[in-house]
>>> print(open('protein-v1.cif').read())   # mmCIF, C-alpha atoms and all ligand atoms
data_data
loop_
_atom_site.label_atom_id
_atom_site.label_comp_id
_atom_site.auth_asym_id
_atom_site.auth_seq_id
_atom_site.Cartn_x
_atom_site.Cartn_y
_atom_site.Cartn_z
CA ASP F 243 87.52 89.08 122.62
CA SER F 244 90.75 87.26 123.27
CA LEU F 245 90.56 88.07 126.99
CA ALA F 246 87.12 86.47 127.19
CA SER F 247 88.56 83.43 125.44
CA GLN F 248 91.43 83.23 127.88
CA VAL F 249 89.05 83.42 130.81
CA ALA F 250 86.87 80.73 129.27
CA ALA F 251 90.00 78.69 128.64
CA GLY F 252 90.60 78.58 132.37
CA GLU F 253 87.20 76.97 132.74
CA VAL F 254 87.52 74.44 129.95
CA VAL F 255 91.25 73.78 130.03
CA GLU F 256 92.77 73.59 133.45
CA ARG F 257 95.77 71.47 132.41
CA PRO F 258 97.25 69.53 129.46
CA ALA F 259 95.12 66.45 130.21
CA ALA F 260 92.01 68.58 129.72
CA VAL F 261 93.20 69.64 126.28
CA ILE F 262 93.57 65.99 125.43
CA ARG F 263 90.11 65.23 126.78
CA GLU F 264 88.54 67.86 124.52
CA LEU F 265 90.55 67.04 121.40
CA VAL F 266 90.07 63.28 121.63
CA GLU F 267 86.33 63.77 122.15
CA ASN F 268 86.27 65.81 118.96
CA SER F 269 88.17 63.09 117.10
CA LEU F 270 85.68 60.50 118.34
CA ASP F 271 82.80 62.75 117.27
CA ALA F 272 84.46 62.92 113.85
CA GLY F 273 84.25 59.14 113.54
CA ALA F 274 88.00 58.50 113.80
CA ARG F 275 89.09 54.86 113.63
CA HIS F 276 92.61 55.59 114.87
CA ILE F 277 93.62 58.41 117.20
CA THR F 278 97.24 59.20 118.04
CA VAL F 279 98.06 61.33 121.06
CA GLU F 280 101.59 62.72 121.21
CA VAL F 281 102.93 64.77 124.07
CA GLN F 282 106.21 66.38 124.96
CA ARG F 283 107.24 67.45 128.43
CA GLY F 284 104.00 66.46 130.09
CA GLY F 285 102.02 68.21 127.38
CA THR F 286 103.43 71.61 128.30
CA ALA F 287 105.69 71.81 125.24
CA LEU F 288 103.51 69.95 122.74
CA ILE F 289 100.22 68.12 122.46
CA ARG F 290 99.48 66.69 119.03
CA ILE F 291 96.32 64.74 118.24
CA THR F 292 96.12 63.05 114.87
CA ASP F 293 92.93 61.39 113.66
CA ASP F 294 91.56 59.80 110.53
CA GLY F 295 88.05 61.15 111.05
CA CYS F 296 85.82 63.08 108.66
CA GLY F 297 87.95 66.24 108.62
CA MET F 298 86.57 69.70 107.86
CA ASP F 299 86.21 71.86 104.79
CA ARG F 300 87.69 75.33 104.92
CA GLU F 301 84.51 77.07 105.97
CA ASP F 302 83.96 74.68 108.88
CA ALA F 303 87.59 74.84 109.89
CA MET F 304 87.42 78.64 110.11
CA LEU F 305 84.06 78.52 111.84
CA CYS F 306 85.11 76.07 114.54
CA MET F 307 87.76 78.52 115.69
CA GLU F 308 85.12 81.14 116.47
CA ARG F 309 83.68 81.09 119.94
CA HIS F 310 80.26 79.52 120.28
CA ALA F 311 79.95 79.15 116.54
CA THR F 312 79.19 75.48 116.92
CA SER F 313 77.16 75.61 120.10
CA LYS F 314 75.11 72.47 120.41
CA ILE F 315 73.18 73.72 123.40
CA ARG F 316 70.29 75.83 122.22
CA THR F 317 67.41 74.89 124.49
CA LYS F 318 66.91 73.58 127.97
CA GLU F 319 66.01 70.25 126.42
CA ASP F 320 69.39 70.16 124.70
CA LEU F 321 71.05 70.77 128.03
CA ALA F 322 69.10 67.97 129.68
CA ALA F 323 69.92 65.60 126.88
CA ILE F 324 73.62 66.14 126.19
CA ARG F 325 74.22 62.68 124.90
CA THR F 326 77.00 63.38 122.45
CA PHE F 327 80.34 64.67 123.50
CA GLY F 328 81.23 68.28 122.99
CA PHE F 329 80.54 71.29 125.08
CA ARG F 330 79.12 74.41 123.48
CA GLY F 331 81.73 74.80 120.81
CA GLU F 332 84.16 76.55 123.14
CA ALA F 333 86.97 74.07 123.33
CA LEU F 334 89.00 74.90 120.24
CA PRO F 335 88.87 78.71 120.49
CA SER F 336 89.63 78.47 124.21
CA ILE F 337 92.65 76.22 123.70
CA ALA F 338 93.87 78.38 120.81
CA SER F 339 93.66 81.49 122.97
CA VAL F 340 96.25 80.14 125.41
CA SER F 341 98.71 78.34 123.11
CA ARG F 342 100.50 78.30 119.78
CA PHE F 343 97.86 76.38 117.92
CA ARG F 344 97.83 74.66 114.56
CA LEU F 345 94.93 72.88 112.91
CA ALA F 346 95.42 70.88 109.71
CA THR F 347 92.42 69.11 108.28
CA ARG F 348 91.24 67.49 105.10
CA GLU F 349 87.99 65.80 104.19
CA ARG F 350 88.19 62.30 102.79
CA ASP F 351 87.52 63.16 99.14
CA ALA F 352 88.82 66.72 99.09
CA LEU F 353 91.72 67.51 96.78
CA SER F 354 93.24 69.80 99.32
CA GLY F 355 92.77 70.60 102.97
CA THR F 356 93.21 73.60 105.22
CA GLU F 357 95.85 74.59 107.72
CA ILE F 358 95.21 77.29 110.29
CA GLU F 359 97.70 78.78 112.75
CA ILE F 360 96.67 80.78 115.75
CA MET F 361 99.10 82.35 118.18
CA GLY F 362 97.62 83.12 121.56
CA GLY F 363 94.19 83.60 120.03
CA LYS F 364 95.37 85.65 117.03
CA LEU F 365 94.95 84.15 113.60
CA SER F 366 98.40 84.11 112.02
CA ALA F 367 98.07 81.95 108.90
CA VAL F 368 95.57 80.10 106.73
CA LYS F 369 96.86 77.96 103.91
CA ASP F 370 96.27 74.84 101.85
CA HIS F 371 97.16 71.55 103.46
CA GLY F 372 98.18 68.53 101.48
CA GLY F 373 98.37 65.91 104.21
CA ASN F 374 96.31 62.81 104.89
CA HIS F 375 92.58 63.04 105.31
CA GLY F 376 91.48 63.56 108.86
CA THR F 377 92.63 66.17 111.34
CA VAL F 378 95.83 67.06 113.15
CA ILE F 379 95.75 69.54 115.99
CA GLU F 380 98.94 70.81 117.62
CA VAL F 381 98.94 72.74 120.84
CA ARG F 382 102.37 74.12 121.72
CA SER F 383 103.51 76.10 124.74
CA LEU F 384 100.24 75.81 126.62
CA PHE F 385 99.55 78.95 128.70
CA PHE F 386 102.64 80.71 127.26
CA ASN F 387 100.67 83.96 127.31
CA VAL F 388 98.97 83.39 130.66
CA PRO F 389 101.80 83.19 133.20
CA ALA F 390 99.40 82.90 136.13
CA ARG F 391 97.98 79.73 134.60
CA ARG F 392 101.34 78.36 133.62
CA LYS F 393 102.56 78.74 137.19
CA PHE F 394 99.63 76.63 138.26
CA LEU F 395 100.88 73.59 136.32
CA ARG F 396 102.51 70.81 138.32
CA THR F 397 105.69 68.94 137.41
CA GLU F 398 105.93 67.43 133.94
CA ALA F 399 105.72 63.95 135.50
CA THR F 400 102.48 64.85 137.28
CA GLU F 401 100.95 66.44 134.20
CA TYR F 402 101.93 63.37 132.21
CA SER F 403 100.27 61.05 134.71
CA HIS F 404 97.02 63.01 134.30
CA ILE F 405 97.41 62.69 130.54
CA GLU F 406 97.91 58.95 130.77
CA GLN F 407 94.85 58.61 133.00
CA GLN F 408 92.77 60.62 130.55
CA PHE F 409 94.07 58.47 127.71
CA ARG F 410 93.09 55.28 129.59
CA LEU F 411 89.55 56.55 130.08
CA HIS F 412 89.10 57.32 126.40
CA ALA F 413 90.71 54.04 125.38
CA ILE F 414 88.50 51.91 127.63
CA ALA F 415 85.37 53.80 126.64
CA ASN F 416 86.14 53.19 122.95
CA PRO F 417 87.69 49.76 122.36
CA GLN F 418 86.52 49.79 118.73
CA THR F 419 88.86 52.74 118.09
CA ALA F 420 92.61 52.22 117.82
CA PHE F 421 94.68 54.50 120.08
CA THR F 422 98.37 55.31 120.27
CA LEU F 423 100.07 57.35 122.99
CA ILE F 424 103.55 58.73 122.36
CA ARG F 425 105.48 60.37 125.18
CA ASP F 426 108.59 62.37 124.33
CA GLY F 427 109.02 60.40 121.14
CA ALA F 428 108.52 56.91 122.62
CA VAL F 429 105.36 54.84 122.13
CA THR F 430 103.82 54.14 125.53
CA PHE F 431 100.64 52.45 124.32
CA HIS F 432 99.65 51.11 120.96
CA LEU F 433 96.14 49.70 121.17
CA PRO F 434 94.61 48.12 118.09
CA ALA F 435 90.84 48.32 117.65
CA THR F 436 89.02 45.40 119.26
CA ALA F 437 85.47 44.23 119.85
CA ASP F 438 86.43 42.74 123.19
CA MET F 439 86.76 44.97 126.23
CA ILE F 440 89.15 42.60 127.94
CA ASP F 441 91.64 42.95 125.04
CA ARG F 442 91.60 46.68 125.53
CA ILE F 443 92.10 46.38 129.28
CA ARG F 444 94.96 43.94 128.63
CA GLY F 445 96.55 46.43 126.24
CA LEU F 446 96.45 49.11 128.90
CA ALA F 447 97.06 47.19 132.09
CA GLY F 448 99.01 44.13 130.98
CA ASP F 449 98.47 40.37 131.01
CA GLU F 450 99.36 39.92 134.64
CA LEU F 451 96.55 42.14 135.87
CA VAL F 452 93.99 40.79 133.42
CA THR F 453 94.44 37.17 134.51
CA ARG F 454 93.60 38.26 138.05
CA LEU F 455 90.39 40.10 137.17
CA ILE F 456 86.97 38.68 137.95
CA LYS F 457 84.15 39.33 135.51
CA LEU F 458 81.08 40.82 137.13
CA PRO F 459 77.78 39.08 136.61
CA GLU F 460 75.34 41.37 134.78
CA VAL F 461 73.25 42.96 137.50
CA GLU F 462 70.09 44.94 136.90
CA HIS F 463 68.56 46.77 139.84
CA LEU F 464 65.91 49.49 139.69
CA GLY F 465 66.94 50.67 136.25
CA VAL F 466 70.68 50.47 136.91
CA SER F 467 72.58 47.84 134.98
CA VAL F 468 76.14 47.04 135.99
CA SER F 469 78.80 45.01 134.26
CA GLY F 470 82.58 44.97 134.11
CA TYR F 471 85.60 43.53 135.88
CA ILE F 472 87.03 43.76 139.36
CA GLY F 473 90.24 42.71 140.98
CA GLY F 474 89.97 40.25 143.81
CA PRO F 475 90.75 41.56 147.31
CA GLY F 476 94.44 40.99 146.66
CA LEU F 477 94.44 43.26 143.64
CA SER F 478 94.21 46.74 145.02
CA ARG F 479 96.02 50.05 144.95
CA SER F 480 96.65 52.78 147.46
CA ASN F 481 94.57 55.28 145.47
CA ARG F 482 91.51 55.32 143.26
CA GLN F 483 93.34 55.73 139.93
CA GLN F 484 92.50 52.18 138.87
CA GLN F 485 88.86 52.44 139.93
CA ILE F 486 87.29 53.41 136.68
CA THR F 487 83.57 53.81 136.12
CA PHE F 488 81.68 54.61 132.95
CA LEU F 489 78.06 55.67 132.79
CA ASN F 490 76.58 55.13 129.35
CA GLY F 491 80.10 55.16 127.96
CA ARG F 492 81.34 58.30 129.73
CA PRO F 493 83.83 58.26 132.58
CA ILE F 494 82.29 59.49 135.83
CA GLU F 495 82.94 59.70 139.53
CA SER F 496 80.33 59.47 142.22
CA PRO F 497 80.25 58.86 145.96
CA ALA F 498 77.31 56.46 145.42
CA ILE F 499 79.62 54.19 143.42
CA ASN F 500 82.41 54.44 145.96
CA TYR F 501 79.96 53.43 148.70
CA GLY F 502 78.66 50.58 146.57
CA LEU F 503 82.19 49.27 146.07
CA LYS F 504 83.00 49.59 149.73
CA GLU F 505 79.86 47.69 150.65
CA GLY F 506 80.44 45.04 147.98
CA PHE F 507 83.95 44.32 149.17
CA HIS F 508 82.86 44.73 152.79
CA ASN F 509 85.45 43.23 155.10
CA ALA F 510 87.78 42.07 152.40
CA LEU F 511 89.61 45.38 152.30
CA MET F 512 91.90 47.19 154.63
CA LYS F 513 91.63 50.90 155.05
CA GLY F 514 93.33 52.85 152.28
CA GLN F 515 93.15 49.91 149.85
CA TYR F 516 91.27 50.40 146.60
CA PRO F 517 90.61 47.32 144.48
CA VAL F 518 91.09 47.65 140.74
CA THR F 519 87.64 48.00 139.19
CA PHE F 520 86.33 48.62 135.71
CA LEU F 521 82.60 49.30 136.00
CA PHE F 522 80.15 49.93 133.19
CA LEU F 523 76.81 51.36 134.22
CA GLU F 524 73.87 51.83 131.90
CA MET F 525 70.92 54.00 132.91
CA GLU F 526 68.17 56.02 131.32
CA ALA F 527 69.24 59.63 130.78
CA GLN F 528 66.40 60.89 132.99
CA ALA F 529 67.82 59.03 135.97
CA PHE F 530 70.82 61.33 136.53
CA ASP F 531 72.29 64.76 135.93
CA ILE F 532 75.83 65.29 134.71
CA ASN F 533 77.34 68.53 135.91
CA VAL F 534 77.43 70.72 132.83
CA HIS F 535 80.80 72.15 133.74
CA PRO F 536 83.05 70.61 131.09
CA ALA F 537 85.92 69.85 133.41
CA LYS F 538 83.83 67.91 135.89
CA LYS F 539 82.53 64.42 135.50
CA GLU F 540 80.61 64.42 138.76
CA VAL F 541 77.18 62.82 138.41
CA ARG F 542 74.08 63.31 140.51
CA PHE F 543 71.88 60.23 140.53
CA HIS F 544 68.22 60.77 141.26
CA ASP F 545 68.29 57.48 143.16
CA GLY F 546 71.80 57.13 144.52
CA PHE F 547 70.79 54.23 146.74
CA ALA F 548 69.76 52.17 143.71
CA VAL F 549 73.18 52.76 142.16
CA ARG F 550 74.98 51.92 145.36
CA GLU F 551 72.92 48.76 145.78
CA ALA F 552 73.40 47.65 142.16
CA VAL F 553 77.18 48.06 142.41
CA ALA F 554 77.33 46.34 145.80
CA ARG F 555 75.30 43.36 144.53
CA ALA F 556 77.41 42.91 141.43
CA VAL F 557 80.64 42.96 143.46
CA LYS F 558 79.31 40.61 146.14
CA ARG F 559 78.13 38.06 143.60
CA ALA F 560 81.40 38.23 141.71
CA LEU F 561 83.41 37.66 144.87
CA GLU F 562 81.11 34.79 145.93
CA THR F 563 81.41 32.90 142.69
CA GLY F 564 84.90 34.08 141.76
CA SER F 565 83.65 33.43 138.22
CA LYS F 566 85.92 34.45 135.39
P1 LIG S 601 82.10 71.10 120.08
O1 LIG S 601 82.83 69.80 120.19
O2 LIG S 601 81.29 71.41 121.30
O3 LIG S 601 81.28 71.24 118.84
P2 LIG S 601 84.72 72.20 119.74
O4 LIG S 601 85.28 73.56 119.91
O5 LIG S 601 85.33 71.10 120.56
O6 LIG S 601 83.19 72.27 120.08
O7 LIG S 601 84.74 71.81 118.23
C1 LIG S 601 84.06 72.63 117.31
C2 LIG S 601 83.70 71.92 116.02
O8 LIG S 601 84.86 71.70 115.25
C3 LIG S 601 83.09 70.54 116.18
O9 LIG S 601 81.70 70.61 116.39
C4 LIG S 601 83.42 69.89 114.84
O10 LIG S 601 82.48 70.27 113.87
C5 LIG S 601 84.74 70.52 114.50
N1 LIG S 601 85.86 69.65 114.86
C6 LIG S 601 86.67 69.78 115.93
N2 LIG S 601 87.61 68.83 115.97
C7 LIG S 601 87.40 68.06 114.88
C8 LIG S 601 88.05 66.89 114.35
N3 LIG S 601 89.09 66.33 114.96
N4 LIG S 601 87.57 66.39 113.18
C9 LIG S 601 86.51 66.95 112.55
N5 LIG S 601 85.87 68.04 113.01
C10 LIG S 601 86.30 68.58 114.16
MG MG S 602 84.40 69.36 121.40
#
>>> encode(input="protein-v1.cif", output="structure tokens", more="lines below")
Ligand code: ADP
Ligand code: MG
Amino acid sequence: DSLASQVAAGEVVERPAAVIRELVENSLDAGARHITVEVQRGGTALIRITDDGCGMDREDAMLCMERHATSKIRTKEDLAAIRTFGFRGEALPSIASVSRFRLATRERDALSGTEIEIMGGKLSAVKDHGGNHGTVIEVRSLFFNVPARRKFLRTEATEYSHIEQQFRLHAIANPQTAFTLIRDGAVTFHLPATADMIDRIRGLAGDELVTRLIKLPEVEHLGVSVSGYIGGPGLSRSNRQQQITFLNGRPIESPAINYGLKEGFHNALMKGQYPVTFLFLEMEAQAFDINVHPAKKEVRFHDGFAVREAVARAVKRALETGSK
């Protein structure tokens, strides 16, 4: 069913950044301490993710390339409670159906690992792999066999900027994991593991920006807790790329948060100015729905006003005190 896989791939994998999203989530699931993301030509020529996670034995490596073999969603309750990453075990087969795909993996104590090659969804080789423990996945020539999809890709620079944004999200969500990003052979980010969020933000955004950030006071309002950092009114951008919000550790977007920010900054902002914000929300899982479509991070809060209010309060207090 390689056609079915290709169709599904369009759902899961709309562009190179989405491949990176799925593969890095898998590496995190595998307990990786260091994840390296390498891309060439905006990810259209090559995406390579290397991790030092648990790896797979041969049986699991073969199995994970079969559609739905690893589905984690079995009941409605599962669906309501998707707390771990991963979406229905479709990512790897979908990506492999639209690329020249190579998986090399070895468990920590195994004498030998497994290497699998798949060309446009067709298994072309399975052999022993003698590399490091952990997993390397290479995705070459994305959409080479789906010209309609390939045409849909933007310039390499644009695709790369989506990749970098995706990388930032993962890196901020997981400061205890080391991350490296390599673009066309040059290291763009090398972020050592840290226990301190501000170190991670510094690694991504630079010293200059970090010294101008204001730490939010911890605000708790109707079951919504907010923490994080914001730029003062002078530290803003012309788009929302640097307005990053995590809900229980996952990057999300929501109008309720945008309204909360707008209200919190009230008159301090001109139209079309978006202050740099790193928000961390914590809420009970029953208080929101995450769209189950894998490519979307849109959240529906059961009480959007509470979220808006919590964000607005945190921002107002931070701006009042200017506390660092
Ligand atoms: P899902 O993440 O929903 O299970 P995927 O297709 O993304 O579906 O991955 C399928 C399975 O392959 C995972 O559940 C995991 O067991 C295994 N896997 C994928 N990537 C890795 C990795 N980097 N390290 C170890 N196991 C992995
Ligand atoms: Mg996955």
>>> closest_residue(input="protein-v1.cif", among="F:Ala333, F:Val261, F:Ile414, F:Met361", to="ligand MG 602 (chain S)", atoms="only C-alpha atoms and all ligand atoms")
F:Ala333
>>> residues_near_point(input="protein-v1.cif", point="(72.9, 42.6, 134.0)", cutoff="12 Å", atoms="all atoms listed in the file", output="list in words")
Lys457, Leu458, Pro459, Glu460, Val461, Glu462, His463, Leu464, Gly465, Val466, Ser467, Val468, Ser469, Gly470, Leu521, Phe522, Leu523, Glu524, Met525, Ala552, Val553, Arg555, Ala556 and Arg559 of chain F
>>> residues_around(input="protein-v1.cif", residues="Gly295 of chain F", least_positions_apart="4", cutoff="7 Å", atoms="all atoms listed in the file", output="PyMOL selection string")
chain F and resi 269+272-275+376-377
>>> closest_residue(input="protein-v1.cif", among="F:Val557, F:Glu401, F:Val429, F:Glu332", to="Glu264 of chain F", atoms="all atoms listed in the file")
F:Glu332
>>> atom_distance(input="protein-v1.cif", atom1="atom CA of Glu357 of chain F", atom2="atom CA of Val266 of chain F")
18.8 Å
>>> closest_residue(input="protein-v1.cif", among="F:Ile379, F:Ile472, F:Ala346, F:Leu446", to="Gln407 of chain F", atoms="only C-alpha atoms")
F:Leu446
>>> atom_distance(input="protein-v1.cif", atom1="atom O9 of ligand LIG 601 (chain S)", atom2="atom CA of Val541 of chain F")
23.8 Å
>>> closest_residue(input="protein-v1.cif", among="F:Val255, F:Val378, F:Ala352, F:Val279", to="ligand LIG 601 (chain S)", atoms="only C-alpha atoms and all ligand atoms")
F:Val378
>>> residues_around(input="protein-v1.cif", residues="His412 of chain F", least_positions_apart="6", cutoff="12 Å", atoms="only C-alpha atoms", output="PyMOL selection string")
chain F and resi 259+262-270+277-279+327+405-406+418-423+433+442-443+446+486-488+491-494
>>> closest_residue(input="protein-v1.cif", among="F:Ala560, F:Ala435, F:Ile424, F:Leu345", to="ligand LIG 601 (chain S)", atoms="only C-alpha atoms and all ligand atoms")
F:Leu345
>>> closest_residue(input="protein-v1.cif", among="F:Ile499, F:Leu489, F:Phe394, F:Asp545", to="Ile532 of chain F", atoms="all atoms listed in the file")
F:Leu489
>>> atom_distance(input="protein-v1.cif", atom1="atom C8 of ligand LIG 601 (chain S)", atom2="atom CA of Pro417 of chain F")
18.9 Å
>>> residues_around(input="protein-v1.cif", residues="Glu450 of chain F", least_positions_apart="6", cutoff="12 Å", atoms="all atoms listed in the file", output="PyMOL selection string")
chain F and resi 443-444+473+477
>>> build_atoms(input="protein-v1.cif", residues="segment 517-545 of chain F", atoms="N, CA and C atoms", output="mmCIF file, keeping the file's coordinate frame")
data_model
loop_
_atom_site.group_PDB
_atom_site.id
_atom_site.type_symbol
_atom_site.label_atom_id
_atom_site.label_comp_id
_atom_site.auth_asym_id
_atom_site.auth_seq_id
_atom_site.Cartn_x
_atom_site.Cartn_y
_atom_site.Cartn_z
ATOM 1 N N PRO F 517 90.500 48.383 145.483
ATOM 2 C CA PRO F 517 90.610 47.320 144.480
ATOM 3 C C PRO F 517 90.499 47.902 143.072
ATOM 4 N N VAL F 518 91.190 47.275 142.143
ATOM 5 C CA VAL F 518 91.090 47.650 140.740
ATOM 6 C C VAL F 518 89.684 47.305 140.254
ATOM 7 N N THR F 519 88.996 48.273 139.692
ATOM 8 C CA THR F 519 87.640 48.000 139.190
ATOM 9 C C THR F 519 87.393 48.718 137.876
ATOM 10 N N PHE F 520 86.780 48.025 136.957
ATOM 11 C CA PHE F 520 86.330 48.620 135.710
ATOM 12 C C PHE F 520 84.823 48.406 135.644
ATOM 13 N N LEU F 521 84.058 49.439 135.941
ATOM 14 C CA LEU F 521 82.600 49.300 136.000
ATOM 15 C C LEU F 521 81.947 49.991 134.816
ATOM 16 N N PHE F 522 80.925 49.332 134.276
ATOM 17 C CA PHE F 522 80.150 49.930 133.190
ATOM 18 C C PHE F 522 78.688 49.979 133.618
ATOM 19 N N LEU F 523 78.196 51.182 133.825
ATOM 20 C CA LEU F 523 76.810 51.360 134.220
ATOM 21 C C LEU F 523 76.001 51.840 133.010
ATOM 22 N N GLU F 524 74.791 51.318 132.917
ATOM 23 C CA GLU F 524 73.870 51.830 131.900
ATOM 24 C C GLU F 524 72.599 52.256 132.596
ATOM 25 N N MET F 525 72.160 53.483 132.309
ATOM 26 C CA MET F 525 70.920 54.000 132.910
ATOM 27 C C MET F 525 70.222 54.898 131.918
ATOM 28 N N GLU F 526 68.914 55.046 132.117
ATOM 29 C CA GLU F 526 68.170 56.020 131.320
ATOM 30 C C GLU F 526 68.693 57.421 131.622
ATOM 31 N N ALA F 527 68.707 58.273 130.604
ATOM 32 C CA ALA F 527 69.240 59.630 130.780
ATOM 33 C C ALA F 527 68.473 60.433 131.825
ATOM 34 N N GLN F 528 67.207 60.113 132.024
ATOM 35 C CA GLN F 528 66.400 60.890 132.990
ATOM 36 C C GLN F 528 66.756 60.552 134.430
ATOM 37 N N ALA F 529 67.556 59.506 134.617
ATOM 38 C CA ALA F 529 67.820 59.030 135.970
ATOM 39 C C ALA F 529 68.998 59.729 136.648
ATOM 40 N N PHE F 530 69.649 60.657 135.937
ATOM 41 C CA PHE F 530 70.820 61.330 136.530
ATOM 42 C C PHE F 530 71.050 62.673 135.857
ATOM 43 N N ASP F 531 71.817 63.507 136.524
ATOM 44 C CA ASP F 531 72.290 64.760 135.930
ATOM 45 C C ASP F 531 73.803 64.718 135.905
ATOM 46 N N ILE F 532 74.378 65.122 134.766
ATOM 47 C CA ILE F 532 75.830 65.290 134.710
ATOM 48 C C ILE F 532 76.084 66.782 134.841
ATOM 49 N N ASN F 533 76.953 67.124 135.757
ATOM 50 C CA ASN F 533 77.340 68.530 135.910
ATOM 51 C C ASN F 533 77.746 69.086 134.554
ATOM 52 N N VAL F 534 77.161 70.214 134.164
ATOM 53 C CA VAL F 534 77.430 70.720 132.830
ATOM 54 C C VAL F 534 78.782 71.408 132.711
ATOM 55 N N HIS F 535 79.449 71.621 133.826
ATOM 56 C CA HIS F 535 80.800 72.150 133.740
ATOM 57 C C HIS F 535 81.664 71.132 133.005
ATOM 58 N N PRO F 536 82.359 71.581 131.948
ATOM 59 C CA PRO F 536 83.050 70.610 131.090
ATOM 60 C C PRO F 536 84.162 69.854 131.805
ATOM 61 N N ALA F 537 84.759 70.481 132.797
ATOM 62 C CA ALA F 537 85.920 69.850 133.410
ATOM 63 C C ALA F 537 85.522 68.841 134.484
ATOM 64 N N LYS F 538 84.256 68.806 134.811
ATOM 65 C CA LYS F 538 83.830 67.910 135.890
ATOM 66 C C LYS F 538 83.067 66.733 135.337
ATOM 67 N N LYS F 539 83.267 65.604 135.942
ATOM 68 C CA LYS F 539 82.530 64.420 135.500
ATOM 69 C C LYS F 539 81.687 63.901 136.648
ATOM 70 N N GLU F 540 81.429 64.770 137.594
ATOM 71 C CA GLU F 540 80.610 64.420 138.760
ATOM 72 C C GLU F 540 79.165 64.227 138.309
ATOM 73 N N VAL F 541 78.556 63.152 138.786
ATOM 74 C CA VAL F 541 77.180 62.820 138.410
ATOM 75 C C VAL F 541 76.292 62.902 139.632
ATOM 76 N N ARG F 542 75.073 63.385 139.436
ATOM 77 C CA ARG F 542 74.080 63.310 140.510
ATOM 78 C C ARG F 542 73.001 62.317 140.093
ATOM 79 N N PHE F 543 72.910 61.213 140.820
ATOM 80 C CA PHE F 543 71.880 60.230 140.530
ATOM 81 C C PHE F 543 70.607 60.617 141.247
ATOM 82 N N HIS F 544 69.477 60.458 140.583
ATOM 83 C CA HIS F 544 68.220 60.770 141.260
ATOM 84 C C HIS F 544 67.964 59.748 142.362
ATOM 85 N N ASP F 545 68.404 58.504 142.130
ATOM 86 C CA ASP F 545 68.290 57.480 143.160
ATOM 87 C C ASP F 545 69.665 56.870 143.421
#
